[in-house]
Structure formats: C-alpha cells, structure tokens
Amino acid sequence: METIILAAGKGTRMKSKLPKVLHKVAGKPMLQHVIDAAKSAGSTREVVVIGSGAELVEQKISGVEFVLQAEQLGTGHAVLCAKEKFAGADDTIMVLCGDTPLFTGELLKKFVDAHIKAKAAATVLTAEVPDATGYGRIIREDDGTFRKIVEHKDANSYERQIREVNAGIYCFDAEKLFDALTNVKNENAQGEYYLPDVLTILKSNGEKINAVFTEDYNQTLGINSRAQLAEADKIMRQRKNLELMDSGVTIIDPATTFIDAAVEIGVDTIIYPNTYLEGNTKIGESCAIGPNARLADMIVGDNVQAQFCYCHEAEIGDGVILGPYVHIRPNTKISNKVKIGNFVEVKNSNIGEGSKLPHLQYIGDCDMGGGCNIGCGAITVNYDGKKKFRTTIGDNVFVGCNSNLVAPVTLENGAYVAAGSTITKNVPADNLAIARARQTNLEGWNDKRK
C-alpha cells in the first residue's frame with residue numbers, strides 16, 4: 001500500500017504567508033501528522049503533491065517524495081500529476097488530504113483492510129457531521145450501497161440535507177485509478193477536475209465501490225481557517241493528555257496543560273497546571289513539572305523538580321531542582337543533583353554534579369565542575385562587546401556573593417572567591433582570590449554634606 005497526499009492548496013481562508021499544510025497542530029505541521037498516520041497504517045511510500053509554497057514545504061518536510069501541481073485544477077488533477085510516480089504499479093493506493101491531521105494510523109489501517117477485504121476498485125471513507133456545509137455528500141442506493149458523491153456547490157436542496165459526507169480519504173486499485181482519471185471532466189460549478197468523480201466512473205464501468213463509515217467524525221475534520229486550526233489543536237492535545245495519563249503520568253488539570261504530540265514522559269511524573277511541553281521534549285520518571293513551566297526540545301532526567309521556569313534546547317540530569325523563575329537556554333547541560341534557584345539564567349554552559357546556583361546568577365559560556373557553590377548575584381562576564389569568552393570553574397569552587405568572573409578566566413579546583421570581587425586573572429587551586437578595594441571610612445563625612 002502506497003500513499004498520495006494532496007497538499008497543493010493555498011489555504012486562502014488561513015490568511016497566512018505560510019502554506020496551509022505547514023501550520024502546526026500540537027507542535028507538528030499538519031502535513032507531518034498525515035504522513036505519520038499513513039506510515040503507521042502500513043504505507044510503504046508517500047508521494048506528496050505540492051503547489052502553493054512548494055519550496056517551503058520541501059524544506060520543512062522530509063522522508064517523502066514530492067510532485068508539483070503547478071496549476072491547481074482540482075483534486076483529480078492533483079492525483080493525475082503523480083501518475084508517473086506509479087507507472088506500472090498494481091498495488092493499493094491510499095489518497096489522503098494534507099490538511100486533515102486528526103486521522104490516526106489505527107483508523108487508516110482499518111480502512112485499508114476493509115478496502116482489501118471488499119475487493120473493491122475504490123473505497124471512500126465517510127462520516128456523519130453536525131454541519132455538512134462545504135463537504136461532498138455521500139449519495140447511497142436504496143440498499144445502502146454507494147451511488148455517487150455530490151460536492152456541496154453542485155448539490156441540490158435535498159442533497160444538502162444529507163449529513164453523511166466524504167471524509168476525503170480513498171483507497172484505489174492503482175491501475176484502475178489512473179485509467180479512470182483520464183475520463184474525469186471539469187463540468188461543474190468550480191470548473192475543476194474532482195477526484196470523487198473517479199468513483200462514479202468506475203461504478204459505471206461495473207466496478208465495485210465501497211463506502212466505509214466511521215463514527216469518530218472528529219478524525220475527519222479538515223483545516224481551512226484559524227478557528228478550525230484551534231479546534232484541531234484542542235482535540236489533538238486532549239488525545240495526547242489521555243494517552244499520557246493512560247501510560248502512568250499524572251496531569252493535575254488537563255484543560256490547562258498543553259503537551260505537543262511528540263513529547264515523551266515517564267511514569268509517575270506529575271504535570272501541574274499552566275505547563276507547556278513542546279517539540280521533542282523527553283521527561284523521565286517521577287518528576288514534578290510546573291506549575292507555570294515551559295519546556296521546549298528538552299531532555300529531562302528522573303526525579304526532576306521544575307516550577308515557574310522556561311527551558312529550551314538543553315539537557316537536565318537526574319534529581320535536579322529548578323526554580324522558581326529559572327531560564328535554561330540552549331546548549332546547556334545540567335548534571336545530576338544540581339540545584340538552581342530563584343531568578344537564575346544559564347546559557348551554553350555545563351554545570352557539574354551537585355553544584356548549586358541558588359539565586360540571582362547569570363552563568364553564560366561556562367564549564368563548571370561538581371560540588372561548586374555560586375553566591376547570590378555572581379555572574380560570568382562573557383561578552384566584551386564583540387566576542388564571547390568562556391569561564392572555566394573546577395570542582396568544589398566557592399564563589400562569594402556579587403562577584404564578577406571576567407572571561408576568559410579559570411578558577412581551579414577548590415578555589416575561593418571573596419564576596420564582591422571582580423576576577424580578571426586565573427585563580428590557582430585552593431587559593432582565595434580577593435579583588436576589591438580596601439574599605440575606607442571617612443569620619444564626619446555626613447556632617448560636611450549637611
């Protein structure tokens with residue numbers, strides 16, 4: 001079974017510079033959702049028909065073949081553009097729409113199996129929707145078998161009352177599909193070549209056409225507007241939350257928890273309200289994440305506590321405590337049992353096991369060993385206005401409050417820095433560095449001011 005995915009439309013109702021199929025649902029382009037579902041259903045090859053924004057789609061989507069529909073003349077014409085890719089094919093071709101991201105691989109697999117079992121030339125998936133406006137209506141014979149599909153704009157008043165609609169998903173015998181496509185006409189309200197007309201042509205040739213009904217119409221929802229995009233995102237996130245809870249994750253309030261489709265979370269982890277887990281984030285077991293946390297493309301170990309924080313494109317080890325009000329920036333690796341407290345920012349740094357950054361630090365471009373204690377208000381001064389430099393801190397180093405480490409500089413194992421120092425030279429192992437002016441008290445100075 002091979003797949004053609006129709007993704008050439010501009011999506012004018014989206015009012016966007018971005019091709020419609022690249023708009024994200026639960027953190028993933030809707031076209032990628034469709035591709036993943038096809039693969040999950042057993043598809044061995046995916047050919048994507050692109051048109052509007054073709055170059056950008058090719059940049060963002062990989063692992064598929066592309067065919068250009070230079071002029072959008074309808075769904076039938078779009079499939080015909082892929083004909084050369086299937087020269088000599090005699091297998092089953094599934095046709096999907098790139099703007100229907102809610103289909104699951106499980107449903108598609110059942111659909112394909114039903115097509116093969118029925119030995120039909122073509123099979124269409126149908127659903128009954130509350131509002132059928134804009135959908136092609138399924139017209140059945142008196143015995144319930146398939147007769148034809150009528151597009152909304154071509155339907156008469158009686159046909160528009162029908163709520164069983166074409167879900168836009170098909171299976172075809174490959175050879176019969178392309179033979180029938182050559183006979184499709186554009187004599188309709190849109191002046192387009194409709195793919196559903198293939199079913200009518202095949203039926204008139206005496207071929208068997210199968211119509212498979214699904215009760216879960218939510219999976220069939222297409223995206224044509226920002227409002228529909230938001231609705232699909234909500235459904236996908238609800239599905240993800242249920243999946244995680246079924247696997248042993250506690251979500252305190254699913255209504256205020258937003259987890260992308262690709263996120264992985266270990267058992268016995270608790271997700272508190274107002275938490276956003278995005279991209280390819282992976283969280284270990286027995287963690288407590290949130291409230292008010294945002295993690296994007298993060299690797300998080302076991303037994304991590306993170307609240308009121310923003311972390312992205314970084315790695316956090318086991319037993320780490322973060323927050324509140326922590327910003328972990330890209331290319332940072334936090335080792336096991338590190339404590340990072342209030343109002344701390346760490347960027348492009350490696351923090352060794354058991355080190356502590358309790359409050360009000362900026363640590364940028366730093367390689368820090370284990371067992372260090374960084375005092376309140378201490379910072380690495382990594383930027384001279386043109387270039388950024390690294391700070392190297394050994395194991396078991398103690399940095400006093402309100403100290404400035406002016407990079408490039410090295411603090412060797414066991415070094416101490418006195419509070420209020422500005423360190424511009426390397427500190428040898430086990431030395432105490434004091435870099436501050438000697439205190440002077442001026443007697444009577446206040447009296448002179450008065």
# chains A, B, ... in the order shown; residues from 1 in each chain; ligands from 1

$ closest_atom_pairs --of "stretch 175-251 of chain A" --to "stretch 25-40 of chain A" --cutoff "9 Å" --atoms "only C-alpha atoms" --output "JSON lines"
{"residue": "A:Ile223", "atom": "CA", "partner": "A:Met30", "partner_atom": "CA", "distance": 8.9}
{"residue": "A:Leu229", "atom": "CA", "partner": "A:Val25", "partner_atom": "CA", "distance": 7.1}
{"residue": "A:Ala230", "atom": "CA", "partner": "A:Val25", "partner_atom": "CA", "distance": 8.0}
{"residue": "A:Ala232", "atom": "CA", "partner": "A:Val25", "partner_atom": "CA", "distance": 6.8}
{"residue": "A:Asp233", "atom": "CA", "partner": "A:Val25", "partner_atom": "CA", "distance": 4.8}
{"residue": "A:Lys234", "atom": "CA", "partner": "A:Ala26", "partner_atom": "CA", "distance": 8.0}
{"residue": "A:Met236", "atom": "CA", "partner": "A:Ala26", "partner_atom": "CA", "distance": 6.3}
{"residue": "A:Arg237", "atom": "CA", "partner": "A:Ala26", "partner_atom": "CA", "distance": 6.2}
{"residue": "A:Lys240", "atom": "CA", "partner": "A:Ala26", "partner_atom": "CA", "distance": 8.9}

$ residues_around --residues "stretch 78-83 of chain A" --least-positions-apart "2" --cutoff "10 Å" --atoms "only C-alpha atoms" --output "ChimeraX atom specification"
/A:4-9,47-51,66-76,85-89,95,174-175,177-179,181-182,193-195

$ write_last_selection --atoms "N, CA and C atoms" --output "mmCIF file, in the first residue's frame"
data_model
loop_
_atom_site.group_PDB
_atom_site.id
_atom_site.type_symbol
_atom_site.label_atom_id
_atom_site.label_comp_id
_atom_site.auth_asym_id
_atom_site.auth_seq_id
_atom_site.Cartn_x
_atom_site.Cartn_y
_atom_site.Cartn_z
ATOM 1 N N ILE A 4 -0.737 8.712 -1.721
ATOM 2 C CA ILE A 4 -0.636 10.047 -2.321
ATOM 3 C C ILE A 4 -1.289 11.020 -1.350
ATOM 4 N N ILE A 5 -0.579 12.093 -1.029
ATOM 5 C CA ILE A 5 -1.102 13.107 -0.109
ATOM 6 C C ILE A 5 -1.255 14.423 -0.866
ATOM 7 N N LEU A 6 -2.452 14.968 -0.852
ATOM 8 C CA LEU A 6 -2.748 16.197 -1.589
ATOM 9 C C LEU A 6 -2.464 17.403 -0.697
ATOM 10 N N ALA A 7 -1.468 18.194 -1.091
ATOM 11 C CA ALA A 7 -1.035 19.312 -0.246
ATOM 12 C C ALA A 7 -0.666 20.531 -1.079
ATOM 13 N N ALA A 8 -1.382 20.742 -2.167
ATOM 14 C CA ALA A 8 -1.023 21.826 -3.086
ATOM 15 C C ALA A 8 -1.805 23.111 -2.851
ATOM 16 N N GLY A 9 -2.897 23.025 -2.087
ATOM 17 C CA GLY A 9 -3.768 24.191 -1.922
ATOM 18 C C GLY A 9 -3.107 25.344 -1.185
ATOM 19 N N VAL A 47 3.888 9.916 -1.533
ATOM 20 C CA VAL A 47 4.119 10.920 -2.577
ATOM 21 C C VAL A 47 3.228 12.116 -2.261
ATOM 22 N N VAL A 48 3.839 13.268 -2.039
ATOM 23 C CA VAL A 48 3.107 14.465 -1.644
ATOM 24 C C VAL A 48 2.998 15.406 -2.844
ATOM 25 N N VAL A 49 1.772 15.760 -3.203
ATOM 26 C CA VAL A 49 1.534 16.693 -4.310
ATOM 27 C C VAL A 49 1.515 18.103 -3.736
ATOM 28 N N ILE A 50 2.437 18.936 -4.177
ATOM 29 C CA ILE A 50 2.584 20.286 -3.632
ATOM 30 C C ILE A 50 2.363 21.317 -4.733
ATOM 31 N N GLY A 51 2.033 22.524 -4.324
ATOM 32 C CA GLY A 51 1.795 23.607 -5.274
ATOM 33 C C GLY A 51 2.137 24.933 -4.643
ATOM 34 N N PHE A 66 8.122 14.222 -3.640
ATOM 35 C CA PHE A 66 7.272 15.368 -3.973
ATOM 36 C C PHE A 66 6.953 15.395 -5.467
ATOM 37 N N VAL A 67 5.736 15.852 -5.768
ATOM 38 C CA VAL A 67 5.290 16.088 -7.139
ATOM 39 C C VAL A 67 4.672 17.478 -7.175
ATOM 40 N N LEU A 68 4.998 18.262 -8.194
ATOM 41 C CA LEU A 68 4.485 19.625 -8.288
ATOM 42 C C LEU A 68 3.202 19.670 -9.115
ATOM 43 N N GLN A 69 2.172 20.271 -8.536
ATOM 44 C CA GLN A 69 0.956 20.621 -9.277
ATOM 45 C C GLN A 69 1.043 22.125 -9.532
ATOM 46 N N ALA A 70 1.586 22.491 -10.674
ATOM 47 C CA ALA A 70 1.887 23.894 -10.953
ATOM 48 C C ALA A 70 0.634 24.756 -10.973
ATOM 49 N N GLU A 71 -0.450 24.202 -11.502
ATOM 50 C CA GLU A 71 -1.726 24.921 -11.556
ATOM 51 C C GLU A 71 -2.768 24.093 -10.832
ATOM 52 N N GLN A 72 -3.430 24.675 -9.845
ATOM 53 C CA GLN A 72 -4.394 23.921 -9.045
ATOM 54 C C GLN A 72 -5.739 23.828 -9.786
ATOM 55 N N LEU A 73 -5.972 22.650 -10.370
ATOM 56 C CA LEU A 73 -7.182 22.425 -11.173
ATOM 57 C C LEU A 73 -8.088 21.381 -10.548
ATOM 58 N N GLY A 74 -7.937 21.152 -9.254
ATOM 59 C CA GLY A 74 -8.806 20.217 -8.570
ATOM 60 C C GLY A 74 -8.084 18.983 -8.068
ATOM 61 N N THR A 75 -8.777 18.222 -7.232
ATOM 62 C CA THR A 75 -8.173 17.059 -6.592
ATOM 63 C C THR A 75 -7.869 15.944 -7.590
ATOM 64 N N GLY A 76 -8.740 15.793 -8.592
ATOM 65 C CA GLY A 76 -8.479 14.782 -9.610
ATOM 66 C C GLY A 76 -7.222 15.095 -10.395
ATOM 67 N N LYS A 85 4.826 8.647 -11.050
ATOM 68 C CA LYS A 85 5.447 8.017 -9.887
ATOM 69 C C LYS A 85 4.950 6.583 -9.691
ATOM 70 N N PHE A 86 3.810 6.264 -10.305
ATOM 71 C CA PHE A 86 3.202 4.953 -10.084
ATOM 72 C C PHE A 86 3.081 4.157 -11.387
ATOM 73 N N ALA A 87 3.966 4.447 -12.327
ATOM 74 C CA ALA A 87 3.944 3.733 -13.601
ATOM 75 C C ALA A 87 4.134 2.231 -13.359
ATOM 76 N N GLY A 88 3.195 1.455 -13.864
ATOM 77 C CA GLY A 88 3.279 0.002 -13.716
ATOM 78 C C GLY A 88 2.851 -0.531 -12.363
ATOM 79 N N ALA A 89 2.402 0.348 -11.461
ATOM 80 C CA ALA A 89 2.003 -0.105 -10.118
ATOM 81 C C ALA A 89 0.715 -0.901 -10.195
ATOM 82 N N VAL A 95 -5.278 7.651 -0.875
ATOM 83 C CA VAL A 95 -5.197 9.092 -1.134
ATOM 84 C C VAL A 95 -5.680 9.834 0.100
ATOM 85 N N ALA A 174 -4.544 0.730 -8.129
ATOM 86 C CA ALA A 174 -3.695 1.734 -8.785
ATOM 87 C C ALA A 174 -3.983 1.855 -10.279
ATOM 88 N N GLU A 175 -4.016 0.730 -10.978
ATOM 89 C CA GLU A 175 -4.215 0.767 -12.431
ATOM 90 C C GLU A 175 -5.574 1.351 -12.788
ATOM 91 N N LEU A 177 -7.402 3.370 -10.987
ATOM 92 C CA LEU A 177 -7.457 4.792 -10.613
ATOM 93 C C LEU A 177 -7.009 5.672 -11.772
ATOM 94 N N PHE A 178 -5.823 5.413 -12.319
ATOM 95 C CA PHE A 178 -5.274 6.315 -13.332
ATOM 96 C C PHE A 178 -5.978 6.163 -14.673
ATOM 97 N N ASP A 179 -6.508 4.972 -14.949
ATOM 98 C CA ASP A 179 -7.317 4.823 -16.165
ATOM 99 C C ASP A 179 -8.571 5.692 -16.077
ATOM 100 N N LEU A 181 -9.051 8.367 -14.199
ATOM 101 C CA LEU A 181 -8.734 9.800 -14.098
ATOM 102 C C LEU A 181 -8.701 10.475 -15.464
ATOM 103 N N THR A 182 -8.310 9.737 -16.475
ATOM 104 C CA THR A 182 -8.251 10.336 -17.822
ATOM 105 C C THR A 182 -9.633 10.679 -18.362
ATOM 106 N N TYR A 193 -11.377 19.448 -11.823
ATOM 107 C CA TYR A 193 -11.412 18.003 -12.008
ATOM 108 C C TYR A 193 -11.471 17.348 -10.623
ATOM 109 N N TYR A 194 -12.645 16.818 -10.283
ATOM 110 C CA TYR A 194 -12.876 16.274 -8.944
ATOM 111 C C TYR A 194 -12.423 14.812 -8.871
ATOM 112 N N LEU A 195 -11.663 14.484 -7.866
ATOM 113 C CA LEU A 195 -11.283 13.091 -7.642
ATOM 114 C C LEU A 195 -12.497 12.195 -7.349
#

$ closest_atom_pairs --of "stretch 325-404 of chain A" --to "stretch 436-439 of chain A" --cutoff "12 Å" --atoms "only C-alpha atoms" --output "CSV"
residue,atom,partner,partner_atom,distance
A:Asn402,CA,A:Arg436,CA,11.2
A:Ser403,CA,A:Arg436,CA,9.7
A:Asn404,CA,A:Arg436,CA,10.8

$ closest_residue --among "A:Tyr135, A:Phe111, A:Phe258, A:Phe398" --to "A:Gly369" --atoms "only C-alpha atoms"
A:Phe398

$ residues_around --residues "A:Glu315" --least-positions-apart "3" --cutoff "8 Å" --atoms "only C-alpha atoms" --output "ChimeraX atom specification"
/A:298-300,331-334

$ write_last_selection --atoms "N, CA and C atoms" --output "mmCIF file, in the first residue's frame"
data_model
loop_
_atom_site.group_PDB
_atom_site.id
_atom_site.type_symbol
_atom_site.label_atom_id
_atom_site.label_comp_id
_atom_site.auth_asym_id
_atom_site.auth_seq_id
_atom_site.Cartn_x
_atom_site.Cartn_y
_atom_site.Cartn_z
ATOM 1 N N MET A 298 13.559 19.677 25.174
ATOM 2 C CA MET A 298 14.388 19.409 26.346
ATOM 3 C C MET A 298 14.550 17.904 26.582
ATOM 4 N N ILE A 299 15.702 17.533 27.140
ATOM 5 C CA ILE A 299 15.925 16.194 27.669
ATOM 6 C C ILE A 299 16.000 16.332 29.183
ATOM 7 N N VAL A 300 15.076 15.705 29.891
ATOM 8 C CA VAL A 300 14.979 15.845 31.348
ATOM 9 C C VAL A 300 15.060 14.454 31.971
ATOM 10 N N ASN A 331 21.989 24.757 24.470
ATOM 11 C CA ASN A 331 23.337 24.188 24.597
ATOM 12 C C ASN A 331 23.837 24.164 26.035
ATOM 13 N N THR A 332 22.917 23.996 26.959
ATOM 14 C CA THR A 332 23.273 23.872 28.373
ATOM 15 C C THR A 332 23.057 22.432 28.810
ATOM 16 N N LYS A 333 23.984 21.932 29.625
ATOM 17 C CA LYS A 333 23.844 20.595 30.199
ATOM 18 C C LYS A 333 23.960 20.702 31.709
ATOM 19 N N ILE A 334 22.880 20.382 32.401
ATOM 20 C CA ILE A 334 22.843 20.423 33.855
ATOM 21 C C ILE A 334 23.011 18.984 34.364
#
